[in-house]
>>> print(open('work_28.pdb').read())   # PDB, C-alpha atoms
ATOM      1  CA  MET I   1      49.337 146.993  67.354
ATOM      2  CA  THR I   2      48.035 143.907  69.105
ATOM      3  CA  LYS I   3      49.879 140.698  69.406
ATOM      4  CA  LYS I   4      48.211 137.571  68.248
ATOM      5  CA  GLN I   5      47.912 135.073  71.008
ATOM      6  CA  THR I   6      49.019 131.691  69.952
ATOM      7  CA  ARG I   7      48.092 128.655  71.838
ATOM      8  CA  THR I   8      50.567 125.844  72.039
ATOM      9  CA  VAL I   9      49.184 122.358  72.004
ATOM     10  CA  GLU I  10      51.047 119.639  73.797
ATOM     11  CA  PRO I  11      51.595 116.708  71.473
ATOM     12  CA  ALA I  12      49.968 113.490  72.570
ATOM     13  CA  VAL I  13      52.581 111.167  73.961
ATOM     14  CA  ARG I  14      52.247 107.828  72.286
ATOM     15  CA  PRO I  15      54.086 104.749  73.406
ATOM     16  CA  GLN I  16      57.121 103.881  71.407
ATOM     17  CA  PRO I  17      57.666 100.322  70.211
ATOM     18  CA  ILE I  18      59.153  98.187  72.952
ATOM     19  CA  ASN I  19      61.118  94.977  72.967
ATOM     20  CA  ALA I  20      58.924  92.127  71.667
ATOM     21  CA  ARG I  21      59.693  89.896  74.621
ATOM     22  CA  PHE I  22      58.781  92.716  77.028
ATOM     23  CA  GLN I  23      55.591  93.345  75.061
ATOM     24  CA  SER I  24      54.600  89.684  75.248
ATOM     25  CA  ARG I  25      55.319  89.511  78.995
ATOM     26  CA  LEU I  26      53.788  92.866  79.961
ATOM     27  CA  HIS I  27      50.187  91.743  80.365
ATOM     28  CA  PRO I  28      51.053  88.479  82.200
ATOM     29  CA  MET I  29      53.393  90.371  84.553
ATOM     30  CA  LEU I  30      50.714  92.919  85.394
ATOM     31  CA  GLU I  31      48.197  90.115  85.847
ATOM     32  CA  GLU I  32      50.524  88.343  88.291
ATOM     33  CA  ILE I  33      51.150  91.565  90.230
ATOM     34  CA  CYS I  34      47.410  92.167  90.538
ATOM     35  CA  GLN I  35      46.763  88.558  91.596
ATOM     36  CA  GLN I  36      49.375  88.852  94.343
ATOM     37  CA  MET I  37      47.865  92.163  95.426
ATOM     38  CA  LEU I  38      44.644  90.278  96.158
ATOM     39  CA  ILE I  39      46.640  88.450  98.833
ATOM     40  CA  ILE I  40      48.787  91.355 100.030
ATOM     41  CA  ARG I  41      46.060  93.982 100.492
ATOM     42  CA  PRO I  42      43.989  92.028 103.049
ATOM     43  CA  ALA I  43      47.160  90.996 104.890
ATOM     44  CA  MET I  44      48.354  94.612 105.075
ATOM     45  CA  ASP I  45      44.929  95.700 106.322
ATOM     46  CA  LYS I  46      45.148  93.054 109.043
ATOM     47  CA  VAL I  47      48.712  93.887 110.085
ATOM     48  CA  ALA I  48      47.838  97.594 110.290
ATOM     49  CA  ILE I  49      45.565  96.899 113.293
ATOM     50  CA  PRO I  50      48.253  95.582 115.673
ATOM     51  CA  LEU I  51      50.742  98.102 114.262
ATOM     52  CA  ARG I  52      48.418 100.961 115.216
ATOM     53  CA  GLU I  53      47.893  99.432 118.654
ATOM     54  CA  PHE I  54      51.642  99.047 119.167
ATOM     55  CA  ILE I  55      52.224 102.650 118.124
ATOM     56  CA  ASP I  56      49.535 103.852 120.543
ATOM     57  CA  PHE I  57      51.147 101.969 123.438
ATOM     58  CA  LEU I  58      54.616 103.170 122.430
ATOM     59  CA  ASP I  59      53.375 106.779 122.322
ATOM     60  CA  PHE I  60      51.927 106.305 125.806
ATOM     61  CA  GLU I  61      55.242 104.959 127.125
ATOM     62  CA  ILE I  62      57.105 107.909 125.602
ATOM     63  CA  GLU I  63      54.724 110.356 127.265
ATOM     64  CA  LYS I  64      54.981 108.494 130.585
ATOM     65  CA  VAL I  65      58.799 108.537 130.577
ATOM     66  CA  THR I  66      58.845 112.193 129.508
ATOM     67  CA  LEU I  67      56.535 113.160 132.371
ATOM     68  CA  SER I  68      58.560 111.122 134.851
ATOM     69  CA  LEU I  69      61.795 112.732 133.656
ATOM     70  CA  ASN I  70      60.346 116.218 133.976
ATOM     71  CA  GLN I  71      59.237 115.447 137.513
ATOM     72  CA  GLU I  72      62.598 113.906 138.464
ATOM     73  CA  LYS I  73      64.455 116.990 137.266
ATOM     74  CA  TRP I  74      62.402 119.189 139.609
ATOM     75  CA  GLU I  75      63.042 117.118 142.739
ATOM     76  CA  SER I  76      64.967 118.845 145.510
ATOM     77  CA  VAL I  77      67.649 116.160 145.206
ATOM     78  CA  VAL I  78      68.114 114.921 141.670
ATOM     79  CA  ASN I  79      69.308 111.365 141.138
ATOM     80  CA  VAL I  80      71.655 112.101 138.247
ATOM     81  CA  GLN I  81      72.208 108.433 137.383
ATOM     82  CA  LYS I  82      68.458 107.701 137.241
ATOM     83  CA  VAL I  83      67.835 110.771 135.085
ATOM     84  CA  ALA I  84      70.632 109.717 132.709
ATOM     85  CA  ASN I  85      69.233 106.173 132.498
ATOM     86  CA  ASP I  86      65.702 107.472 131.913
ATOM     87  CA  GLU I  87      66.927 109.888 129.232
ATOM     88  CA  ALA I  88      68.754 107.039 127.470
ATOM     89  CA  TRP I  89      65.595 104.917 127.657
ATOM     90  CA  LEU I  90      63.494 107.772 126.293
ATOM     91  CA  LYS I  91      65.929 108.264 123.416
ATOM     92  CA  ARG I  92      65.730 104.562 122.606
ATOM     93  CA  LEU I  93      61.915 104.638 122.627
ATOM     94  CA  MET I  94      61.854 107.762 120.461
ATOM     95  CA  ASP I  95      64.325 106.232 117.985
ATOM     96  CA  LEU I  96      62.042 103.216 117.691
ATOM     97  CA  ARG I  97      58.985 105.439 117.262
ATOM     98  CA  ARG I  98      60.639 107.537 114.563
ATOM     99  CA  ASP I  99      60.714 104.491 112.270
ATOM    100  CA  LEU I 100      57.060 103.607 112.867
ATOM    101  CA  ASP I 101      54.883 105.562 110.494
ATOM    102  CA  ILE I 102      51.734 103.529 109.875
ATOM    103  CA  TYR I 103      51.188 105.160 106.508
ATOM    104  CA  GLU I 104      54.718 104.388 105.344
ATOM    105  CA  LEU I 105      54.548 100.859 106.663
ATOM    106  CA  THR I 106      51.347 100.095 104.753
ATOM    107  CA  ALA I 107      51.941 102.346 101.733
ATOM    108  CA  SER I 108      53.483  99.642  99.576
ATOM    109  CA  VAL I 109      50.002  98.452  98.594
ATOM    110  CA  GLN I 110      48.985 101.878  97.296
ATOM    111  CA  ARG I 111      52.387 102.370  95.635
ATOM    112  CA  ILE I 112      52.148  99.066  93.790
ATOM    113  CA  GLU I 113      48.568  99.779  92.682
ATOM    114  CA  LYS I 114      49.642 103.216  91.429
ATOM    115  CA  LEU I 115      52.593 101.637  89.624
ATOM    116  CA  VAL I 116      50.291  99.180  87.853
ATOM    117  CA  GLY I 117      48.026 102.051  86.770
ATOM    118  CA  ASP I 118      51.015 104.072  85.565
ATOM    119  CA  VAL I 119      52.361 101.101  83.590
ATOM    120  CA  GLU I 120      48.945 100.483  82.028
ATOM    121  CA  ASN I 121      48.715 104.142  81.024
ATOM    122  CA  THR I 122      52.290 104.368  79.776
ATOM    123  CA  PHE I 123      52.124 101.266  77.621
ATOM    124  CA  GLU I 124      48.411 101.570  76.836
ATOM    125  CA  VAL I 125      47.640  98.190  78.333
ATOM    126  CA  GLU I 126      43.946  97.735  78.914
ATOM    127  CA  ASN I 127      42.929  95.752  81.985
ATOM    128  CA  GLY I 128      46.533  94.777  82.483
ATOM    129  CA  GLY I 129      45.811  92.870  85.562
ATOM    130  CA  GLY I 130      42.495  93.620  86.928
TER     131      GLY I 130
END
>>> encode(input="work_28.pdb", output="structure tokens")
Amino acid sequence: MTKKQTRTVEPAVRPQPINARFQSRLHPMLEEICQQMLIIRPAMDKVAIPLREFIDFLDFEIEKVTLSLNQEKWESVVNVQKVANDEAWLKRLMDLRRDLDIYELTASVQRIEKLVGDVENTFEVENGGG
């Protein structure tokens, strides 16, 4: 005896009616978001350049201090106070670096653009803002 294979079909998700005021404001809100994105995107592209440069220099400083610390620890007479100060400085630099992810810092543009697309798809808004 063979089993019949049945294929389940996912029902199409259709938007439900939404508040009339929200419906009337939806397109203008998306339009305003997209208009502001025309300003934000170029600014974020510009700010990414010095951010990347700063991160490169910070990475260099971290490597420099790390190398110096490693060398200091192998000296025949170790200056304990200098090593402690250098370790504290390295920790401070690394704490600063941990919060500097260029992709996270500039991701808001992509997140907002994705949000607009998701809203347009969810509420079936055509050309909601651009």
>>> atom_distance(input="work_28.pdb", atom1="atom CA of Gln35 of chain I", atom2="atom CA of Ile112 of chain I")
12.0 Å
>>> atom_distance(input="work_28.pdb", atom1="atom CA of Arg97 of chain I", atom2="atom CA of Lys64 of chain I")
14.2 Å
>>> closest_residue(input="work_28.pdb", among="I:Trp74, I:Arg111, I:Phe123, I:Tyr103", to="Asp45 of chain I", atoms="all atoms listed in the file")
I:Tyr103
>>> atom_distance(input="work_28.pdb", atom1="atom CA of Leu100 of chain I", atom2="atom CA of Val47 of chain I")
13.1 Å
>>> resolve_selection(input="work_28.pdb", expression="the PyMOL selection byres ((chain I and resi 48) around 12)", output="list in words")
Arg41, Pro42, Ala43, Met44, Asp45, Lys46, Val47, Ile49, Pro50, Leu51, Arg52, Glu53, Phe54, Ile55, Leu100, Asp101, Ile102, Tyr103, Glu104, Leu105, Thr106, Ala107 and Val109 of chain I
>>> resolve_selection(input="work_28.pdb", expression="the PyMOL selection byres ((chain I and resi 12-20) around 12)", output="PDB file with C-alpha atoms, in the coordinates of the input")
ATOM      1  CA  VAL I   9      49.184 122.358  72.004  1.00  0.00           C
ATOM      2  CA  GLU I  10      51.047 119.639  73.797  1.00  0.00           C
ATOM      3  CA  PRO I  11      51.595 116.708  71.473  1.00  0.00           C
ATOM      4  CA  ARG I  21      59.693  89.896  74.621  1.00  0.00           C
ATOM      5  CA  PHE I  22      58.781  92.716  77.028  1.00  0.00           C
ATOM      6  CA  GLN I  23      55.591  93.345  75.061  1.00  0.00           C
ATOM      7  CA  SER I  24      54.600  89.684  75.248  1.00  0.00           C
ATOM      8  CA  ARG I  25      55.319  89.511  78.995  1.00  0.00           C
ATOM      9  CA  LEU I  26      53.788  92.866  79.961  1.00  0.00           C
ATOM     10  CA  VAL I 119      52.361 101.101  83.590  1.00  0.00           C
ATOM     11  CA  GLU I 120      48.945 100.483  82.028  1.00  0.00           C
ATOM     12  CA  ASN I 121      48.715 104.142  81.024  1.00  0.00           C
ATOM     13  CA  THR I 122      52.290 104.368  79.776  1.00  0.00           C
ATOM     14  CA  PHE I 123      52.124 101.266  77.621  1.00  0.00           C
ATOM     15  CA  GLU I 124      48.411 101.570  76.836  1.00  0.00           C
ATOM     16  CA  VAL I 125      47.640  98.190  78.333  1.00  0.00           C
TER      17      VAL I 125
END
>>> resolve_selection(input="work_28.pdb", expression="the PyMOL selection byres ((chain I and resi 88-94) around 9)", output="VMD selection string")
chain I and resid 58 to 59 61 to 62 65 to 66 83 to 87 95 to 99
